[in-house]
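A.B. asks: Hey, dropping upload.txt in here, compact mmCIF, C-alpha atoms and all ligand atoms:
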```txt
# COMPACT_ATOMS: atom_id res chain seq x y z
CA MET A 15 60.70 130.95 96.40
CA ARG A 16 62.04 133.38 93.83
CA VAL A 17 61.12 132.22 90.36
CA MET A 18 62.50 133.49 87.07
CA LEU A 19 60.41 132.81 83.96
CA LEU A 20 61.94 133.28 80.52
CA GLY A 21 59.88 134.31 77.50
CA SER A 22 57.38 136.94 76.44
CA GLY A 23 54.32 135.39 74.81
CA GLY A 24 50.80 134.36 75.77
CA ARG A 25 52.14 131.04 77.03
CA GLU A 26 54.42 132.89 79.43
CA HIS A 27 51.59 135.17 80.57
CA ALA A 28 49.51 132.11 81.42
CA LEU A 29 52.46 130.55 83.29
CA ALA A 30 53.24 133.80 85.10
CA TRP A 31 49.59 134.14 86.16
CA CYS A 32 49.70 130.57 87.46
CA PHE A 33 52.98 131.05 89.36
CA SER A 34 52.13 134.47 90.76
CA LYS A 35 49.04 133.14 92.55
CA SER A 36 51.00 130.27 94.14
CA PRO A 37 51.49 130.63 97.92
CA GLN A 38 55.04 129.38 97.30
CA CYS A 39 55.91 132.23 94.98
CA GLU A 40 57.57 134.97 96.94
CA ARG A 41 58.69 136.88 93.87
CA LEU A 42 58.29 136.27 90.15
CA LEU A 43 60.81 137.72 87.74
CA CYS A 44 60.04 137.53 84.03
CA LEU A 45 62.74 137.99 81.43
CA PRO A 46 61.68 139.83 79.40
CA GLY A 47 57.99 139.18 80.16
CA ASN A 48 55.42 141.48 78.59
CA PRO A 49 53.20 144.38 79.71
CA GLY A 50 50.34 142.01 80.60
CA ILE A 51 52.70 140.06 82.87
CA ALA A 52 54.11 143.25 84.39
CA VAL A 53 50.77 144.11 86.05
CA LEU A 54 50.55 140.76 87.90
CA GLU A 55 50.95 140.86 91.66
CA ASN A 56 54.45 139.88 92.90
CA CYS A 57 55.86 140.16 89.42
CA THR A 58 58.70 142.21 87.96
CA CYS A 59 59.78 142.18 84.33
CA VAL A 60 63.54 142.11 83.84
CA GLU A 61 65.13 143.54 80.71
CA GLY A 62 66.86 141.20 78.29
CA SER A 63 66.06 138.49 75.82
CA ALA A 64 65.47 134.80 76.51
CA GLU A 65 67.41 134.04 73.32
CA ASP A 66 70.52 135.90 74.50
CA LEU A 67 72.20 133.34 76.74
CA GLU A 68 74.76 135.78 78.13
CA SER A 69 72.13 138.30 79.19
CA VAL A 70 70.09 135.55 80.85
CA LEU A 71 73.15 134.31 82.77
CA ARG A 72 73.97 137.85 83.85
CA SER A 73 70.42 138.43 85.17
CA VAL A 74 70.40 135.08 86.93
CA ARG A 75 73.66 135.99 88.69
CA GLU A 76 72.17 139.34 89.76
CA GLN A 77 68.68 138.17 90.72
CA ARG A 78 69.58 134.77 92.23
CA PRO A 79 66.29 132.98 91.56
CA ASP A 80 65.65 129.63 93.28
CA LEU A 81 64.20 128.29 90.05
CA VAL A 82 64.43 129.27 86.38
CA VAL A 83 61.61 128.13 84.07
CA VAL A 84 62.31 128.36 80.34
CA GLY A 85 59.24 129.05 78.15
CA PRO A 86 60.44 128.88 74.51
CA GLU A 87 62.47 126.20 72.75
CA ALA A 88 65.24 128.20 71.07
CA PRO A 89 67.33 128.91 74.21
CA LEU A 90 67.02 125.25 75.24
CA VAL A 91 68.19 124.03 71.84
CA ALA A 92 71.08 126.52 72.15
CA GLY A 93 72.11 124.99 75.50
CA LEU A 94 70.77 127.45 78.07
CA ALA A 95 69.84 124.74 80.59
CA ASP A 96 73.39 123.32 80.41
CA ARG A 97 74.84 126.75 81.14
CA LEU A 98 72.49 127.31 84.08
CA LEU A 99 73.15 123.85 85.53
CA ASP A 100 76.90 124.47 85.24
CA ALA A 101 76.34 127.65 87.25
CA GLY A 102 74.51 125.65 89.94
CA VAL A 103 71.06 127.04 89.09
CA THR A 104 67.90 124.92 89.37
CA VAL A 105 66.23 125.00 85.97
CA LEU A 106 63.11 123.54 84.37
CA GLY A 107 63.82 122.80 80.73
CA PRO A 108 65.97 120.10 79.12
CA THR A 109 69.65 120.34 78.34
CA ARG A 110 70.81 120.82 74.76
CA ALA A 111 70.97 117.04 74.26
CA GLY A 112 67.35 116.58 75.39
CA ALA A 113 66.16 119.62 73.44
CA GLN A 114 67.26 117.81 70.25
CA LEU A 115 63.83 116.17 70.41
CA GLU A 116 62.52 119.46 69.01
CA GLY A 117 65.74 120.82 67.52
CA SER A 118 66.21 117.87 65.17
CA LYS A 119 63.28 115.97 63.68
CA ALA A 120 65.73 113.29 62.48
CA PHE A 121 66.90 112.77 66.08
CA ALA A 122 63.29 112.57 67.31
CA LYS A 123 62.37 110.06 64.61
CA GLU A 124 65.45 107.90 65.26
CA ILE A 125 64.72 107.70 68.95
CA MET A 126 61.08 106.82 68.21
CA ARG A 127 62.12 104.09 65.77
CA GLU A 128 64.66 102.70 68.24
CA SER A 129 62.17 102.53 71.11
CA GLY A 130 59.10 101.40 69.18
CA ILE A 131 57.10 104.59 69.73
CA PRO A 132 54.22 104.69 67.23
CA THR A 133 54.95 107.26 64.52
CA ALA A 134 54.81 107.65 60.75
CA ALA A 135 57.28 105.59 58.69
CA PHE A 136 60.16 107.80 57.55
CA GLU A 137 63.59 108.23 56.03
CA SER A 138 65.97 111.10 56.66
CA PHE A 139 68.38 112.60 54.13
CA ALA A 140 71.36 114.95 54.25
CA ASP A 141 71.66 114.88 50.45
CA ALA A 142 69.04 116.36 48.09
CA ALA A 143 69.76 113.95 45.23
CA ALA A 144 69.28 110.95 47.54
CA ALA A 145 66.00 112.44 48.84
CA ARG A 146 64.77 112.90 45.24
CA SER A 147 65.68 109.36 44.22
CA PHE A 148 63.84 108.03 47.26
CA LEU A 149 60.70 109.98 46.32
CA GLN A 150 60.87 108.87 42.68
CA ALA A 151 61.24 105.24 43.73
CA HIS A 152 58.38 105.47 46.26
CA PRO A 153 55.52 107.51 44.80
CA GLY A 154 52.79 108.31 47.31
CA ARG A 155 51.64 110.91 49.81
CA TRP A 156 54.58 112.18 51.83
CA VAL A 157 55.26 114.93 54.31
CA VAL A 158 58.63 116.65 53.82
CA LYS A 159 60.05 118.30 56.97
CA ALA A 160 63.05 120.46 57.65
CA ASP A 161 65.16 118.75 60.32
CA GLY A 162 65.87 121.89 62.35
CA LEU A 163 63.85 124.67 63.96
CA ALA A 164 61.74 126.57 61.42
CA ALA A 165 59.10 128.22 63.63
CA GLY A 166 56.51 125.63 62.59
CA LYS A 167 56.87 126.57 58.91
CA GLY A 168 59.24 123.83 57.74
CA VAL A 169 56.62 121.12 57.24
CA PHE A 170 55.21 120.38 53.74
CA PRO A 171 52.40 117.86 53.29
CA CYS A 172 52.71 116.85 49.62
CA ASP A 173 50.18 115.36 47.22
CA GLY A 174 52.54 113.71 44.79
CA VAL A 175 56.15 113.21 43.79
CA SER A 176 56.54 116.59 42.07
CA GLU A 177 55.30 118.54 45.12
CA ALA A 178 57.57 116.54 47.39
CA VAL A 179 60.57 117.03 45.11
CA ALA A 180 59.84 120.77 45.05
CA ALA A 181 59.75 120.84 48.87
CA VAL A 182 63.10 119.06 49.01
CA SER A 183 64.64 121.66 46.67
CA ARG A 184 63.15 124.53 48.64
CA LEU A 185 64.51 123.24 51.93
CA MET A 186 67.83 121.68 50.91
CA GLU A 187 68.98 123.73 47.93
CA GLU A 188 67.26 127.11 48.22
CA ARG A 189 67.69 126.83 51.99
CA ALA A 190 64.36 128.59 52.62
CA PHE A 191 64.91 128.01 56.35
CA GLY A 192 68.70 128.19 56.37
CA VAL A 193 70.61 125.37 58.07
CA ALA A 194 67.33 123.93 59.41
CA GLY A 195 66.98 122.43 55.92
CA ALA A 196 70.46 120.89 55.71
CA ARG A 197 68.74 117.61 56.50
CA VAL A 198 65.15 116.61 55.78
CA VAL A 199 62.82 113.96 57.11
CA ILE A 200 60.41 112.44 54.59
CA GLU A 201 57.54 110.68 56.29
CA GLU A 202 54.34 108.86 55.58
CA TYR A 203 51.22 111.05 55.43
CA LEU A 204 48.92 110.14 58.33
CA GLU A 205 45.15 110.52 58.43
CA GLY A 206 43.23 111.12 61.64
CA GLU A 207 42.54 113.82 64.20
CA GLU A 208 45.34 115.74 65.87
CA ALA A 209 45.62 116.32 69.61
CA SER A 210 48.33 117.64 71.91
CA CYS A 211 49.42 115.81 75.01
CA ILE A 212 51.77 117.67 77.33
CA ALA A 213 53.60 116.11 80.26
CA LEU A 214 55.79 117.43 83.02
CA THR A 215 58.72 115.14 83.80
CA ASP A 216 61.84 114.90 85.94
CA GLY A 217 63.35 112.37 83.55
CA SER A 218 61.81 109.34 85.25
CA HIS A 219 58.33 110.28 86.47
CA VAL A 220 55.59 111.77 84.36
CA VAL A 221 52.65 113.97 85.27
CA MET A 222 50.33 114.36 82.30
CA LEU A 223 48.32 117.51 81.68
CA PRO A 224 44.89 117.12 80.08
CA PHE A 225 44.71 116.75 76.31
CA SER A 226 44.14 119.84 74.20
CA GLN A 227 43.77 120.75 70.54
CA ASP A 228 44.96 123.84 68.72
CA HIS A 229 44.10 125.57 65.45
CA LYS A 230 47.21 126.39 63.42
CA ARG A 231 45.61 127.80 60.26
CA ALA A 232 44.72 131.48 59.98
CA LEU A 233 41.18 131.14 58.58
CA ASP A 234 37.90 129.50 59.57
CA GLY A 235 37.52 125.91 58.46
CA ASP A 236 41.26 125.32 59.03
CA ARG A 237 42.14 127.08 55.79
CA GLY A 238 44.77 129.68 54.97
CA PRO A 239 48.40 129.92 56.03
CA ASN A 240 49.87 128.33 59.14
CA THR A 241 50.24 130.63 62.14
CA GLY A 242 51.65 130.39 65.64
CA GLY A 243 48.14 129.28 66.65
CA MET A 244 44.72 130.95 66.43
CA GLY A 245 43.07 129.19 69.34
CA ALA A 246 42.96 126.07 71.47
CA TYR A 247 40.67 124.15 73.73
CA SER A 248 40.72 121.47 76.36
CA PRO A 249 39.63 118.75 76.95
CA ALA A 250 39.91 117.23 73.47
CA PRO A 251 36.85 115.06 72.93
CA VAL A 252 38.91 112.75 70.66
CA ALA A 253 40.96 111.75 73.72
CA ASP A 254 39.80 109.74 76.70
CA GLU A 255 41.43 108.09 79.71
CA ALA A 256 42.26 104.98 77.66
CA LEU A 257 44.17 107.13 75.18
CA ALA A 258 46.01 108.87 78.02
CA GLN A 259 47.15 105.47 79.29
CA LEU A 260 48.30 104.47 75.79
CA VAL A 261 50.29 107.68 75.45
CA ARG A 262 51.89 107.17 78.85
CA GLN A 263 52.83 103.54 78.07
CA GLN A 264 53.65 103.78 74.38
CA VAL A 265 55.15 107.26 74.16
CA PHE A 266 56.39 108.92 77.36
CA SER A 267 57.74 105.83 79.18
CA PRO A 268 59.77 104.41 76.28
CA LEU A 269 60.93 107.90 75.29
CA LEU A 270 62.31 108.71 78.74
CA SER A 271 64.00 105.28 78.92
CA ALA A 272 65.64 105.87 75.54
CA LEU A 273 66.82 109.31 76.67
CA ARG A 274 68.23 107.88 79.92
CA ARG A 275 70.10 105.22 77.90
CA ARG A 276 71.75 108.13 76.11
CA GLY A 277 72.64 109.69 79.45
CA ILE A 278 69.96 112.39 79.13
CA GLU A 279 67.87 113.15 82.20
CA TYR A 280 65.05 115.19 80.71
CA ARG A 281 63.58 117.71 83.15
CA GLY A 282 60.89 119.89 81.72
CA PHE A 283 57.65 120.02 79.86
CA LEU A 284 57.42 117.53 77.03
CA TYR A 285 54.83 118.02 74.33
CA ALA A 286 53.72 115.19 72.08
CA GLY A 287 51.83 116.29 68.97
CA LEU A 288 49.70 113.26 68.12
CA MET A 289 47.64 111.94 65.24
CA ILE A 290 44.80 109.83 66.62
CA THR A 291 43.52 107.19 64.23
CA GLN A 292 40.77 104.86 65.48
CA GLY A 293 41.76 105.43 69.09
CA ALA A 294 45.47 104.80 68.51
CA PRO A 295 48.07 107.57 68.93
CA ARG A 296 50.99 108.18 66.60
CA VAL A 297 53.52 110.92 67.31
CA LEU A 298 53.84 113.71 64.72
CA GLU A 299 56.37 115.73 66.67
CA PHE A 300 57.86 116.44 70.05
CA ASN A 301 58.26 119.90 71.50
CA VAL A 302 60.46 120.49 74.51
CA ARG A 303 58.17 123.10 76.06
CA LEU A 304 54.53 123.92 76.63
CA GLY A 305 52.46 124.60 73.52
CA ASP A 306 51.13 128.00 72.65
CA PRO A 307 48.17 128.70 72.63
CA GLU A 308 47.39 125.33 74.30
CA THR A 309 48.88 126.54 77.59
CA GLN A 310 46.48 129.49 77.63
CA ALA A 311 43.59 127.02 77.51
CA LEU A 312 45.12 124.42 79.83
CA LEU A 313 46.36 126.36 82.83
CA PRO A 314 42.98 127.88 83.80
CA ARG A 315 41.73 124.28 84.20
CA LEU A 316 44.36 123.34 86.81
CA GLU A 317 43.21 123.01 90.40
CA SER A 318 46.62 122.03 91.80
CA ASP A 319 49.33 124.55 92.38
CA LEU A 320 51.63 124.11 89.38
CA LEU A 321 54.70 125.73 90.94
CA PRO A 322 55.62 122.97 93.44
CA LEU A 323 55.22 120.41 90.66
CA VAL A 324 57.48 122.38 88.37
CA TYR A 325 60.05 122.67 91.15
CA ALA A 326 59.79 118.91 91.79
CA ALA A 327 60.38 118.18 88.09
CA ALA A 328 63.39 120.49 88.05
CA THR A 329 64.89 118.80 91.12
CA GLY A 330 64.16 115.18 90.17
CA THR A 331 61.55 114.65 92.88
CA LEU A 332 58.34 114.27 90.90
CA ALA A 333 57.67 110.68 92.15
CA GLY A 334 54.11 110.34 93.44
CA ALA A 335 53.06 113.82 92.32
CA ASN A 336 49.56 114.41 90.99
CA LEU A 337 47.88 117.19 89.12
CA ALA A 338 44.25 117.91 89.91
CA CYS A 339 42.29 119.38 87.07
CA SER A 340 38.81 120.80 86.74
CA PRO A 341 36.35 118.76 84.65
CA ARG A 342 35.21 122.06 83.12
CA ALA A 343 36.12 122.90 79.55
CA SER A 344 38.33 125.73 78.45
CA VAL A 345 38.50 127.60 75.15
CA CYS A 346 41.11 130.16 74.09
CA VAL A 347 40.49 132.45 71.10
CA VAL A 348 43.49 134.38 69.78
CA LEU A 349 42.94 137.99 68.70
CA ALA A 350 45.42 138.84 65.96
CA SER A 351 46.33 141.92 63.97
CA ARG A 352 44.86 142.24 60.46
CA GLY A 353 47.33 140.66 58.00
CA TYR A 354 48.90 138.17 60.44
CA PRO A 355 50.81 135.88 59.76
CA GLY A 356 51.92 138.32 57.02
CA PRO A 357 52.79 141.99 57.60
CA TYR A 358 50.51 143.95 59.93
CA GLU A 359 50.16 147.37 61.53
CA LYS A 360 51.15 147.97 65.18
CA GLY A 361 50.43 150.64 67.78
CA LEU A 362 46.63 150.53 67.51
CA PRO A 363 44.69 151.34 70.70
CA ILE A 364 42.97 148.42 72.46
CA THR A 365 39.79 149.00 74.47
CA GLY A 366 37.59 146.79 76.60
CA LEU A 367 40.29 144.75 78.34
CA GLN A 368 38.87 145.49 81.77
CA SER A 369 35.30 144.64 80.89
CA ALA A 370 36.45 141.38 79.25
CA GLN A 371 38.50 140.42 82.31
CA ALA A 372 35.60 141.22 84.62
CA LEU A 373 33.42 138.55 82.96
CA PRO A 374 33.14 135.39 85.06
CA ASP A 375 35.75 132.63 84.47
CA THR A 376 37.47 134.73 81.83
CA PHE A 377 41.22 135.24 81.43
CA VAL A 378 42.89 137.61 79.01
CA PHE A 379 46.52 136.74 78.26
CA HIS A 380 48.78 139.18 76.46
CA ALA A 381 51.02 138.11 73.57
CA GLY A 382 51.70 141.29 71.58
CA THR A 383 50.72 144.42 73.49
CA ARG A 384 52.40 147.57 74.66
CA ARG A 385 51.38 150.11 77.29
CA GLU A 386 51.89 153.81 76.72
CA ARG A 387 50.59 156.55 79.03
CA GLY A 388 47.96 154.25 80.52
CA GLN A 389 46.72 153.13 77.09
CA TRP A 390 47.03 149.55 75.78
CA LEU A 391 48.28 149.30 72.18
CA THR A 392 48.79 146.40 69.76
CA ALA A 393 52.43 145.40 69.35
CA GLY A 394 52.47 142.04 67.59
CA GLY A 395 50.77 139.63 65.19
CA ARG A 396 49.09 137.64 67.91
CA VAL A 397 47.86 140.32 70.31
CA LEU A 398 45.78 138.60 73.00
CA GLY A 399 44.59 135.14 74.01
CA VAL A 400 41.07 135.26 75.40
CA THR A 401 40.24 132.18 77.48
CA ALA A 402 36.99 131.23 79.19
CA LEU A 403 35.89 128.23 81.21
CA GLY A 404 32.45 126.66 80.87
CA ASP A 405 30.67 123.53 82.02
CA ASP A 406 31.21 122.00 78.60
CA ILE A 407 32.84 123.01 75.32
CA PRO A 408 29.78 124.82 73.89
CA ALA A 409 29.45 126.87 77.11
CA ALA A 410 33.18 127.70 77.11
CA VAL A 411 33.02 128.68 73.41
CA ALA A 412 30.08 131.02 74.08
CA ALA A 413 31.84 132.58 77.09
CA ALA A 414 35.12 133.07 75.21
CA TYR A 415 33.37 134.81 72.30
CA ARG A 416 31.44 137.03 74.72
CA ALA A 417 34.79 138.24 76.05
CA VAL A 418 36.17 138.57 72.52
CA ALA A 419 33.24 140.87 71.66
CA ALA A 420 34.09 143.14 74.60
CA ILE A 421 37.60 143.86 73.28
CA GLU A 422 38.15 146.18 70.33
CA PHE A 423 41.08 147.35 68.24
CA SER A 424 41.28 148.40 64.65
CA GLY A 425 41.93 145.31 62.49
CA LYS A 426 40.95 142.86 65.27
CA THR A 427 41.07 139.48 63.54
CA TYR A 428 40.10 136.10 64.93
CA ARG A 429 38.66 132.77 63.98
CA ARG A 430 34.97 132.31 64.64
CA ASP A 431 35.10 128.52 64.71
CA ILE A 432 37.48 127.66 67.53
CA ALA A 433 36.69 124.16 68.85
CA HIS A 434 34.57 123.30 65.78
CA ARG A 435 35.83 119.72 65.79
CA ALA A 436 34.69 119.33 69.39
CA LEU A 437 31.36 121.06 68.72
CA ARG A 438 30.63 118.71 65.79
CA ARG A 439 30.84 115.63 68.01
P1 LIG A 501 54.96 119.12 62.95
O1 LIG A 501 55.63 120.46 63.18
O2 LIG A 501 55.89 118.02 62.62
O3 LIG A 501 53.95 118.76 64.00
O4 LIG A 501 54.01 119.38 61.70
C1 LIG A 501 53.12 120.47 61.64
C2 LIG A 501 51.78 120.00 61.15
O5 LIG A 501 51.90 119.30 59.89
C3 LIG A 501 51.12 119.00 62.08
O6 LIG A 501 50.44 119.64 63.13
C4 LIG A 501 50.19 118.28 61.13
O7 LIG A 501 49.02 119.06 60.88
C5 LIG A 501 50.98 118.22 59.85
N1 LIG A 501 51.73 116.94 59.78
C6 LIG A 501 52.97 116.71 60.24
N2 LIG A 501 53.35 115.44 60.01
C7 LIG A 501 52.32 114.85 59.39
C8 LIG A 501 52.09 113.51 58.89
N3 LIG A 501 53.02 112.57 58.97
N4 LIG A 501 50.90 113.27 58.31
C9 LIG A 501 49.96 114.23 58.20
N5 LIG A 501 50.12 115.50 58.63
C10 LIG A 501 51.27 115.80 59.24
N1 LIG A 502 50.62 125.02 69.33
C1 LIG A 502 51.70 124.30 68.81
C2 LIG A 502 52.99 124.64 69.39
O1 LIG A 502 53.09 125.32 70.40
O2 LIG A 502 54.00 124.22 68.83
```
I'd like the structure from this file rewritten - as C-alpha cells, please.
Ligand code: AMP
Ligand code: GLY

C.D. replies:
Amino acid sequence: MRVMLLGSGGREHALAWCFSKSPQCERLLCLPGNPGIAVLENCTCVEGSAEDLESVLRSVREQRPDLVVVGPEAPLVAGLADRLLDAGVTVLGPTRAGAQLEGSKAFAKEIMRESGIPTAAFESFADAAAARSFLQAHPGRWVVKADGLAAGKGVFPCDGVSEAVAAVSRLMEERAFGVAGARVVIEEYLEGEEASCIALTDGSHVVMLPFSQDHKRALDGDRGPNTGGMGAYSPAPVADEALAQLVRQQVFSPLLSALRRRGIEYRGFLYAGLMITQGAPRVLEFNVRLGDPETQALLPRLESDLLPLVYAAATGTLAGANLACSPRASVCVVLASRGYPGPYEKGLPITGLQSAQALPDTFVFHAGTRRERGQWLTAGGRVLGVTALGDDIPAAVAAAYRAVAAIEFSGKTYRRDIAHRALRR
C-alpha cells in the first residue's frame, strides 16, 4: 500500500523506519518528513507542512495514498482527520471531536469524571476571579493547567496559594499561552511515579504497546526547564502485566465507551500519561498521538509488523489483533543543541552518524538535522534520538551511550542519567 505519514520529528522518523521495512509498504510518502527519513528505502519526502491543512489535502489528492497516518496533535485538533474522511481518505488519527482529549484538558477531565476513570480531583474555570476564590477557599498543593494546547509548557505544579494564584494570572490574564489559557483546570497534586501507556485503537478494540517512561526536564536528576523530552526507555519497571490490565479496564475501555456515547469513534494512537501510586494508575493527561521520544524507544522493540495494525485501526477492523514485542529493553538518549530548550545555534557539522548506526541493535533517529553537500548539520533544538536495545535496562543504557559517544557536534548536549529510575530499582 501507499502510505503517507505527516510530521517531521524523531517520532516520525521512528514510524517511517517501521513502515518502510513492512512488506506491505509499497511506497512511503512523508510530509514534510526530514532528511533522516529521506534516506530510508521506499521513502519520498513531500514538501508542505502537516499544520497546513490545505497543503496536506492538496498533496493527498495528488499522491492518492491508501492510508494517511498523522504524527503530531495540532492538525488533528484543527480537524484534519475530518477533512480527510470527508474526502474519502483512510486516516489514522482521531477527528476534531476525539482530539479534544488533548486539545482541551477540561474536556478530558470531564469525560474522566463522567466515566469513573481514576484521575486527580479537579475544577475547571473560565473566569480568573472564580479560580482565585477557589484557591483561597481550598489551600493546598495544586497543579494549574492551561486548558488548550501549550506545547507541554502550560502546566504549573504549585506549592501554595500564592504560586497557584500567580499561575492563574499568567495563564488567564497575561495570556502567556494565548487562548489556550482562556480556561484553566486546577487539580490535586499527585505523588507517585509517572509512566506512559500508549494504545492503538479503532474506537472499540485496543492493542496496547508496552509501557515506557520519558524524561521531560533538561538536566540530570530531572532538574531544569521542561523540554520536548530528553530521553525515554521501555519497559518501565514500575509497570507490570497487572497494571496493564488495570489500565485497559479502568482507563481505555471506559474512555472509548464514553467517546462512543458522544458519537465519537476514535481511530488512532491514544496516549495515557499516568501517575502510578502503590500499583494503582491515575491519568494525568491524554495525548491523541504517539509520544516523543517514547516512540523512538518503543518501536525498535516491536516484533510484529506495525503497518497492518495501523491500517486495521484506521478501518475499524482491529478486533483480535495482537502486537508481539521483544522482551529486550530499549533506551533512547536525545542529543540536543547547547542552550535547548532556550535559544541555540544551528548549522553545526555532525560526524559519526555512520559509525553509531553500525553498532549492533542501535538506531539513530533524526529530529533536527539538515543535509548539505553530503554533510549532516544540526538544524533544531533536539537533533537526534539515539536508541539501543539490550537484554535489560542497564545493557541498553550502556549500548545507547556507546552510540552517543560515537556522534559529535559542537555543543552536543544530553542527559547522562536516562533511565535512572529504572536503574535504581
Ligand atoms: P500534563 O501535560 O498534564 O501531563 O503535565 C505535564 C507534567 O506535569 C506531567 O508529566 C507531570 O510531571 C506533571 N503533572 C501534571 N499533573 C500533575 C498532577 N496532578 N500531580 C503532579 N504532577 C502533575
Ligand atoms: N513525551 C511526552 C509527549 O510526547 O507528550

A.B. asks: Can you tell me, as a list in words, what residues are no more than 10 Å from Leu288 of chain A when counting only C-alpha atoms, ignoring any on the same chain fewer than 5 positions away?

C.D. replies: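 Within the cut-off, the hits are Pro132, Thr133, Gly206, Glu207, Glu208, Ala209, Ser210, Cys211, Gln227, Val261, Ala294, Pro295, Arg296, Val297, Leu298, Glu299 and Phe300 of chain A.
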
A.B. asks: Which residues are near ligand LIG 501 (chain A) - at most 8 Å, using only C-alpha atoms and all ligand atoms? Format: as a PyMOL selection string.

C.D. replies: chain A and resi 119+133-134+156-157+159+166-171+201-205+208+230+287+289+298-300

A.B. asks: Dump C-alpha atoms for the selected residues as a CSV table (one decimal), in the coordinates of the input?

C.D. replies:
```csv
chain,number,residue,atom,x,y,z
A,119,LYS,CA,63.3,116.0,63.7
A,133,THR,CA,55.0,107.3,64.5
A,134,ALA,CA,54.8,107.6,60.8
A,156,TRP,CA,54.6,112.2,51.8
A,157,VAL,CA,55.3,114.9,54.3
A,159,LYS,CA,60.0,118.3,57.0
A,166,GLY,CA,56.5,125.6,62.6
A,167,LYS,CA,56.9,126.6,58.9
A,168,GLY,CA,59.2,123.8,57.7
A,169,VAL,CA,56.6,121.1,57.2
A,170,PHE,CA,55.2,120.4,53.7
A,171,PRO,CA,52.4,117.9,53.3
A,201,GLU,CA,57.5,110.7,56.3
A,202,GLU,CA,54.3,108.9,55.6
A,203,TYR,CA,51.2,111.0,55.4
A,204,LEU,CA,48.9,110.1,58.3
A,205,GLU,CA,45.2,110.5,58.4
A,208,GLU,CA,45.3,115.7,65.9
A,230,LYS,CA,47.2,126.4,63.4
A,287,GLY,CA,51.8,116.3,69.0
A,289,MET,CA,47.6,111.9,65.2
A,298,LEU,CA,53.8,113.7,64.7
A,299,GLU,CA,56.4,115.7,66.7
A,300,PHE,CA,57.9,116.4,70.0
```

A.B. asks: Centre and edge lengths, as AutoDock Vina command-line options, for the axis-aligned box enclosing every listed atom of segment 195-208 of chain A with 6 Å of padding on each of the six sides, in Å to one decimal?

C.D. replies:
```
--center_x 56.5 --center_y 115.6 --center_z 60.2 --size_x 39.9 --size_y 25.6 --size_z 23.3
```

A.B. asks: Show me, as number ranges by chain, the residues that have an atom within 7 Å of segment 356-372 of chain A when counting all atoms listed in the file, minus same-chain residues fewer than 2 positions from it.

C.D. replies: A: 351-354, 374, 376-378, 389-395, 417, 420-424

A.B. asks: With only C-alpha atoms as the basis for distance, which of A:Ser318, A:Thr401, A:Ser248, A:Ser138 is at the shortest distance from Ser36 of chain A?

C.D. replies: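 That would be A:Ser318, the residue with the smallest distance to Ser36 of chain A.
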
A.B. asks: Looking at all atoms listed in the file, which of A:Glu188, A:Asp306, A:Asp375, A:Asp100 is the one that sits closest to ligand LIG 502 (chain A)?

C.D. replies: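 So, comparing all the options, the nearest one is A:Asp306.
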
A.B. asks: Write out as a VMD selection string the residues lying within 12 Å of Asp228 of chain A, counting only C-alpha atoms and excluding same-chain residues fewer than 5 positions away.

C.D. replies: chain A and resid 207 to 211 236 240 to 250 287 to 288 305 to 312 344 to 348 429 431 to 436

A.B. asks: Residues at most 10 Å from Asn48 of chain A, counting only C-alpha atoms, excluding those fewer than 3 positions away in the same chain, as JSON, numbers by chain?

C.D. replies: {"A": [21, 22, 23, 24, 26, 27, 44, 45, 51, 52, 53, 58, 59, 60, 380, 381, 382, 383, 384, 385]}

A.B. asks: Closest to ligand LIG 502 (chain A) among A:Trp31, A:Tyr285, A:Phe139, A:Tyr325, using all atoms listed in the file?

C.D. replies: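 Comparing A:Trp31, A:Tyr285, A:Phe139, A:Tyr325 against ligand LIG 502 (chain A), the winner is A:Tyr285.
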
A.B. asks: So, counting all atoms listed in the file, which residue among A:Leu284, A:Cys339, A:Met126, A:Leu98 is closest to ligand LIG 502 (chain A)?

C.D. replies: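 The closest residue to ligand LIG 502 (chain A) is A:Leu284.
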
A.B. asks: Got a sec: who's within 12 Å of segment 64-81 of chain A, counting only C-alpha atoms, leaving out chain neighbours fewer than 5 positions off, as a short mmCIF file (atom, residue, chain, number, x, y, z; two decimals) with C-alpha atoms, keeping the file's coordinate frame?

C.D. replies:
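Heads up, here's the output in around.cif:
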```cif
data_model
loop_
_atom_site.label_atom_id
_atom_site.label_comp_id
_atom_site.auth_asym_id
_atom_site.auth_seq_id
_atom_site.Cartn_x
_atom_site.Cartn_y
_atom_site.Cartn_z
CA MET A 15 60.70 130.95 96.40
CA ARG A 16 62.04 133.38 93.83
CA VAL A 17 61.12 132.22 90.36
CA MET A 18 62.50 133.49 87.07
CA LEU A 19 60.41 132.81 83.96
CA LEU A 20 61.94 133.28 80.52
CA GLY A 21 59.88 134.31 77.50
CA SER A 22 57.38 136.94 76.44
CA GLY A 23 54.32 135.39 74.81
CA GLU A 26 54.42 132.89 79.43
CA PHE A 33 52.98 131.05 89.36
CA GLN A 38 55.04 129.38 97.30
CA CYS A 39 55.91 132.23 94.98
CA GLU A 40 57.57 134.97 96.94
CA ARG A 41 58.69 136.88 93.87
CA LEU A 42 58.29 136.27 90.15
CA LEU A 43 60.81 137.72 87.74
CA CYS A 44 60.04 137.53 84.03
CA LEU A 45 62.74 137.99 81.43
CA PRO A 46 61.68 139.83 79.40
CA GLY A 47 57.99 139.18 80.16
CA THR A 58 58.70 142.21 87.96
CA CYS A 59 59.78 142.18 84.33
CA PRO A 86 60.44 128.88 74.51
CA GLU A 87 62.47 126.20 72.75
CA ALA A 88 65.24 128.20 71.07
CA PRO A 89 67.33 128.91 74.21
CA LEU A 90 67.02 125.25 75.24
CA VAL A 91 68.19 124.03 71.84
CA ALA A 92 71.08 126.52 72.15
CA GLY A 93 72.11 124.99 75.50
CA LEU A 94 70.77 127.45 78.07
CA ALA A 95 69.84 124.74 80.59
CA ASP A 96 73.39 123.32 80.41
CA ARG A 97 74.84 126.75 81.14
CA LEU A 98 72.49 127.31 84.08
CA LEU A 99 73.15 123.85 85.53
CA ASP A 100 76.90 124.47 85.24
CA ALA A 101 76.34 127.65 87.25
CA GLY A 102 74.51 125.65 89.94
CA VAL A 103 71.06 127.04 89.09
CA THR A 104 67.90 124.92 89.37
CA VAL A 105 66.23 125.00 85.97
CA LEU A 106 63.11 123.54 84.37
CA GLY A 107 63.82 122.80 80.73
CA LEU A 321 54.70 125.73 90.94
CA PRO A 322 55.62 122.97 93.44
CA LEU A 323 55.22 120.41 90.66
CA VAL A 324 57.48 122.38 88.37
CA TYR A 325 60.05 122.67 91.15
CA ALA A 326 59.79 118.91 91.79
CA ALA A 327 60.38 118.18 88.09
CA ALA A 328 63.39 120.49 88.05
CA THR A 329 64.89 118.80 91.12
#
```
